[in-house]
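Trainee: Structure incoming, see below.
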Amino acid sequence: MNKTLLALAVTAAAIGTQANALEIYNKEGTQMSIGGHATVGLNAGKAGSNAQVEEKSPRINLEVKTDLGNGFTADVKGEWATNFIKGGDVTFKTRLGYIGVTHETFGRLVAGTQWSPYYMAAGVVDQPIAFSNDFLYDNQGIFGTARGDGMVAYTNAFDFDTAGAFNFGLAWQGEKTTTESYSDADANGTSTQTHTGTLLSSENRGQVALGYTIEGFNLNYAYSGGNVEERGTSKDATSHIVSGKYGNYGAGLYLAATIGFNKNMNNANTYEGKFFSKTKNLRSELLEETRVFDSIISYGFDNGLNIIAKHEEMKDEKRGLTVKSGTSIQAEYTISPRFRAYTGFNYDNQGDTGTDRDYKKAKDHTFVIGTRFYL
């Protein structure tokens with residue numbers, strides 16, 4: 001296994017966080033580092049709201065690595081989402097927490113909450129600061145489509161020199177549940193009573209990811225599958241996703257695209273089966289069949305400027321309706337290795353209206369400008 005290649009296979013999990021980490025200890029084969037970033041931006045106002053300062057997924061992490069001998073290394077990492085804006089709210093919330101063991105030949109085994117093998121394939125477009133991927137984060141913890149909760153994963157990579165390189169990953173998750181809160185409403189849409197209960201539960205889920213890289217081109221496939229119960233009703237929740245990319249994000253030309261075919265993996269809000277009826281209970285509902293698509297083209301100049309165009313959409317295949325769609329133009333400028341400015345405008349293409357579903361909400365065009373400081 002080539003460790004550099006394996007790191008590239010999970011590039012999206014490491015970009016801008018541990019890549020800039022501060023080493024605070026290095027002695028007798030053990031290294032400790034602290035990383036993460038603080039990101040804030042001025043949002044010019046989404047539909048129905050005024051301009052405001054918001055945070056963009058700030059986090060802090062601590063990682064320790066140690067040499068076990070005989071080619072083995074072990075590492076432990078904890079990462080927490082941090083609250084930079086809302087005083088009095090929860091300050092820290094777990095994003096990552098795992099222990100891993102790596103060998104240059106035998107590969108890497110990790111247990112805990114981690115970036116999943118599925119994300120190795122699906123995350124190739126999930127790169128920009130201002131507007132990145134959306135659908136991967138639907139129920140990500142229980143489905144393991146981005147960060148997977150309580151996951152055991154094995155990954156390895158093989159470098160064939162001029163013939164390219166192959167990487168793969170396998171993962172399993174045990175029993176998991178998610179909860180929901182929803183409200184009853186009167187005829188005027190005023191909340192009258194709030195309920196809390198189990199939304200999703202799952203006992204066994206598995207996934208596999210495959211990737212091949214040659215001459216700057218990378219092609220990937222990933223599968224995630226297993227049963228899930230939604231409010232006590234058993235459903236088959238599966239995803240097949242294919243992705244490809246060329247180049248390295250932020251350095252010259254970068255092209256990437258992802259297309260996925262999902263069953264009971266993505267959400268839409270519904271009022272007991274009918275959308276936007278004020279007299280019904282607002283709940284999240286798994287869509288039976290969705291097709292998801294995400295693409296990006298960017299060019300990173302030598303002076304640190306990166307220009308980005310991105311498009312993402314989700315379609316309800318059963319009803320032939322677009323659930324949501326957005327197209328953005330963005331720019332990022334690296335002022336120093338630890339300080340980056342960003343801006344972007346996202347155009348809401350809106351969803352469609354059907355006989356029993358109405359995905360067409362008010363246009364939600366969004367402009368944001370901000371900065372990111374890497375620890």
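Chain identifiers are assigned as A, B, and so on, following the order in which chains appear in the structure tokens; residues are numbered from 1 within each chain, and ligands are numbered from 1 in order of appearance.
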I'd like the contact shell of Thr66 in chain A - 10 Å cut-off, only C-alpha atoms, skipping same-chain residues fewer than 5 positions apart - returned as a VMD selection string.
Mentor: chain A and resid 26 to 32 72 to 76 101
Trainee: Mind checking which residues fall within 6 Å of range 210-226 of chain A, counting only C-alpha atoms, ignoring those fewer than 2 positions away in the same chain, and posting them as a list in words?
Mentor: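 Contacts, in chain order: Tyr118, Ala121, Gly164, Ala165, Phe166, Asn167, Phe168, Arg205, Gly206, Gln207, Val208, Ala237, Thr238, Ser239, His240, Ile241, Val242, Ser243, Gly244, Lys245, Tyr246 and Gly247 of chain A.
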Trainee: Quick one: of A:Asp294, A:Asp302, A:Asp316, A:Asp348, who's nearest to Met265 in chain A, counting only C-alpha atoms?
Mentor: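 Smallest separation from Met265 in chain A among the options: A:Asp316.
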Trainee: Where in range 49-267 of chain A does DSSP assign strand (DSSP E or B), given as a VMD selection string?
Mentor: chain A and resid 52 to 55 59 to 69 72 to 82 92 to 103 107 to 115 147 to 159 165 to 173 176 to 185 191 to 202 205 to 214 217 to 225 227 to 230 233 to 236 238 to 248 251 to 263 267
Trainee: Find the residues near Phe143 in chain A: any atom within 12 Å, counting only C-alpha atoms, skip ones fewer than 4 places away on the same chain, and give them as a VMD selection string.
Mentor: chain A and resid 113 115 to 119 135 to 139 147 to 151 171 to 178 200 to 207 223 to 228 236 to 239 262 to 266
Trainee: Which one of A:Phe367, A:Phe158, A:Trp80, A:Tyr299 sits closest to Gly344 in chain A if you count only C-alpha atoms?
Mentor: A:Phe367
